[in-house]
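Visitor: First the structure, then my questions, so here it is.
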Amino acid sequence: MNEINWPNLDSEHLIVYSKQMIEIERSAFSRGMPVESLMEKVGLRLSQWLLKRKDLIKNGVIVFIGPGHNGGDGAVVARELFLKGYNVTFWCPFPVRKKLTLEQLNYITSIGVRKLDNLPDPLNCELWIDAILGNNQKKAVDKQIIKMFNKKFDSGMGKIVSIDIPTGLCPNSGKVFSRSAIKSNFTLSTGFKKIGILQDEAIPYVGKIKNIDIGLSKNYFLKESKKFLSISRKDIKNLSLVLPPKNASKYNRGRTLLITGSNKYLGAASLVIKGALASGVGLVKVLVPEIIAKSIWQVAPEVVLEGYLESSLDGNSLLHESFKKIDFNRFDSIVIGPGIGIDLLDWEKCLIDLMKFEGILILDADALNRIALSKEGCKFFLNKKFQTWITPHMNEFQRLFPNLKESNNIELALRASKEFDISILLKGAHSIIADSNGTAWQIYETDEDSARAGLGDLLSGFVSGMAALELASWEKNFY
């Protein structure tokens with residue numbers, strides 16, 4: 001296994017499938033941990049999280065207790081909050097099936113936690129805790145329950161907390177089983193984050209995701225060939241990059257070439273340049289249409305013009321003639337694609353020159369569309385010699401890899417990365433990074449304001465600059 005240095009291989013970052021979580025729990029039970037102990041531990045950790053947030057529970061708490069062990073966890077939470085003096089009641093939407101959960105219910109009833117006889121009013125201000133189904137759910141539930149929860153969510157009268165998974169949401173794909181799922185303000189994922197809650201489809205339902213560490217062993221993952229890791233905003237601050245020393249000259253801080261823009265799409269080049277300059281790379285050169293080149297000095301005078309891109313009659317950039325004049329191996333990284341337009345014949349012609357490149361190639365936007373529409377399609381990646389990053393959004397990805405089908409976007413990115421020996425940044429509300437070694441990083445806590453036209457062009461320029469910086473460093477990183 002390749003060593004994973006970032007982020008830490010711990011409960012805060014590891015992502016699991018529903019089945020994996022069940023196997024991890026069974027492993028703990030096989031080593032002698034009683035089921036009762038695990039339920040107590042989960043319930044106590046959840047209670048501690050809530051007790052630190054008194055604004056959530058000050059108006060009282062209603063726990064919705066399901067038929068399985070997720071309901072038992074909720075019963076332990078109800079007990080602990082009640083014993084701390086909070087007004088706690090509970091309601092069982094289904095008959096309780098698990099013996100241990102039934103025992104917990106009998107106990108909390110005996111100490112004074114009241115069971116509701118009627119459906120609670122969603123317009124009251126209590127905190128509602130969804131402990132109905134959790135990690136083991138496999139099908140839709142009564143739509144009236146979901147409708148009642150979502151009426152409360154939409155009204156803003158009190159908050160909703162889901163234990164592990166909002167009811168109605170698939171823990172593996174993040175998709176709803178029926179038309180909707182419970183919309184939560186917080187999802188408290190116990191043990192390890194479940195893969196479904198981090199998917200784009202789950203965003204309307206999960207609210208803020210918080211992992212509740214219950215002390216389960218991570219040794220299970222050391223045997224796995226695939227690793228899924230979650231990345232939050234605070235993790236970015238702890239990322240240690242291998243960069244050139246402070247006394248390195250500009251020529252030792254990396255050289256990147258940006259091949260971007262066309263007579264049809266004039267703005268893309270400016271955005272790619274801004275991204276590359278923001279990386280701190282030592283030298284930025286561009287290959288752009290003449291109409292763009294004439295104005296570059298006004299917005300980015302530090303950028304060096306490598307040459308001009310010719311234009312087809314319909315305004316798309318032609319790369320072939322310019323490529324014949326370039327020694328690509330003078331650059332550490334190259335980005336091709338944003339705003340160049342589509343010309344398949346031109347793309348086929350320029351491949352011979354491109355194949356000589358020995359650095360890191362970043363392909364984005366129209367470069368990906370040219371590959372998808374070309375004769376070889378995604379088989380292009382099997383014949384390459386250079387290290388390659390692609391930065392597609394989902395529509396571009398599906399055009400590139402129409403035959404790939406997986407249960408979620410992490411698996412899609414990882415499968416394409418391994419099959420075609422490329423690194424992928426799959427852009428979305430929660431973007432994914434995957435490499436051919438079997439590791440995928442799921443980014444979450446992202447800002448919805450980043451879903452704007454043009455920011456992908458900025459990103460491709462930034463990635464190209466950072467790739468050049470890393471390659472120019474005295475130490476070599478995982479590229």
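We name chains A, B, ... following the order of the structure tokens; residues begin at 1 in each chain, and ligands are numbered from 1 as shown.
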So that I can see what lies close to region 252-263 of chain A, please list as a VMD selection string the residues with an atom at most 9 Å from it, counting only C-alpha atoms and leaving out residues fewer than 4 positions away in the same chain.
Guide: chain A and resid 243 to 245 248 267 to 270 272 to 273 276 280 to 292 306 309 to 312 314 to 319 328 330 to 341 461 464 to 473
Visitor: Looking only at the backbone, which of the residues in region 296-458 of chain A does DSSP tag as helix (DSSP H, G or I), as an MDAnalysis selection string?
Guide: chainID A and resid 296:299 320:323 328:330 344:354 366:373 377:383 394:400 409:420 448:450 455:458
Visitor: Would you pick out the contacts of Cys170 (chain A) at 9 Å or less, using only C-alpha atoms, so that residues sharing its chain but fewer than 5 positions from it are not included, and give the list as a count of residues only?
Guide: 11
Visitor: Please compute the CA of Ile111 (chain A)-CA of Ala78 (chain A) distance, one decimal, in Å.
Guide: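 Taking CA of Ile111 (chain A) as the start and CA of Ala78 (chain A) as the end point, the length is 11.0 Å.
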Visitor: Which of these, A:Tyr86, A:Lys427, A:Asn437, A:Arg26, has the shortest distance to Ser217 (chain A) once you count only C-alpha atoms?
Guide: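 With only C-alpha atoms as the atom set, the closest residue is A:Arg26.
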Visitor: Rank nothing, just name the residue among A:Trp347, A:Phe82, A:Trp128, A:Phe149 nearest to Ala372 (chain A), using only C-alpha atoms.
Guide: A:Trp347
Visitor: For a quick check of understanding, using only C-alpha atoms, which of A:Lys115, A:Lys375, A:His393, A:Lys41 has the smallest distance to Phe90 (chain A)?
Guide: A:Lys115
Visitor: For each of A:Lys98, A:Lys274, A:Lys147, A:Lys250, take the minimum atom-to-atom distance to Leu459 (chain A), counting only C-alpha atoms, then give the residue where this is smallest.
Guide: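 Among the listed residues, A:Lys274 lies closest to Leu459 (chain A).
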Visitor: List as a ChimeraX atom specification the protein and nucleic acid residues near Leu9 (chain A), meaning an atom at most 9 Å away when only C-alpha atoms are counted, but skip any in the same chain fewer than 4 places from it.
Guide: /A:4-5,13-14,218,221,229
Visitor: Keeping only C-alpha atoms, write the selected residues to a file as a compact mmCIF listing (two decimals), in the first residue's frame.
Guide:
```txt
# COMPACT_ATOMS: atom_id res chain seq x y z
CA ILE A 4 -1.02 8.14 2.84
CA ASN A 5 0.39 11.24 4.51
CA HIS A 13 -11.36 11.45 7.51
CA LEU A 14 -12.08 7.83 6.58
CA LYS A 218 -8.85 1.83 11.68
CA PHE A 221 -8.67 -0.03 6.23
CA LEU A 229 -10.89 10.14 2.57
```
Visitor: Calculated over only C-alpha atoms, which of the candidates A:Ser240, A:Ser180, A:Asn172, A:Ser11 has the smallest distance to Met148 (chain A)?
Guide: A:Ser180
Visitor: Could you state the separation of CA of Asn211 (chain A) and CA of Glu23 (chain A) in Å, given to one decimal place?
Guide: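 These two atoms are separated by 18.7 Å.
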Visitor: Looking at A:Ala140, A:Ile129, A:Leu83, A:Leu412, which one is nearest to Val113 (chain A), with distances taken over only C-alpha atoms?
Guide: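 Of the candidates, the smallest distance to Val113 (chain A) is held by A:Leu83.
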Visitor: Would you kindly return, as a PDB file with C-alpha atoms, in the first residue's frame, each protein, DNA or RNA residue with an atom no farther than 10 Å from any atom of Glu348 (chain A), considering only C-alpha atoms and excluding same-chain residues fewer than 6 positions away?
Guide:
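Everything below was put into result.pdb:
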```
ATOM      1  CA  HIS A 320      -1.413  21.756 -34.783  1.00  0.00           C
ATOM      2  CA  ARG A 370     -12.246  17.000 -28.273  1.00  0.00           C
ATOM      3  CA  ILE A 371     -11.046  13.704 -26.793  1.00  0.00           C
ATOM      4  CA  SER A 374     -12.497  11.874 -31.308  1.00  0.00           C
ATOM      5  CA  LYS A 375     -12.083   8.512 -33.031  1.00  0.00           C
ATOM      6  CA  GLU A 376     -10.245   6.932 -30.081  1.00  0.00           C
TER       7      GLU A 376
END
```
Visitor: Report, in Å to a single decimal, how far apart CA of Gly68 (chain A) and CA of Ile24 (chain A) are.
Guide: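 If I compute the distance from CA of Ile24 (chain A) to CA of Gly68 (chain A), I get 17.7 Å.
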Visitor: Residues near Val16 (chain A), anyone? I mean within 7 Å using only C-alpha atoms, not counting same-chain ones fewer than 3 positions away, as a list in words.
Guide: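 Close residues of Val16 (chain A): Gln20, Met21, Phe192, Lys193, Lys194 and Ile195 of chain A.
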Visitor: Find the residues around region 408-411 of chain A up to 12 Å (only C-alpha atoms counted), leave out those fewer than 4 positions away in its own chain, and share them as a ChimeraX atom specification.
Guide: /A:15-17,170-175,195-202,226-230,393-394,397-398,404,415-419,424-435,438-443
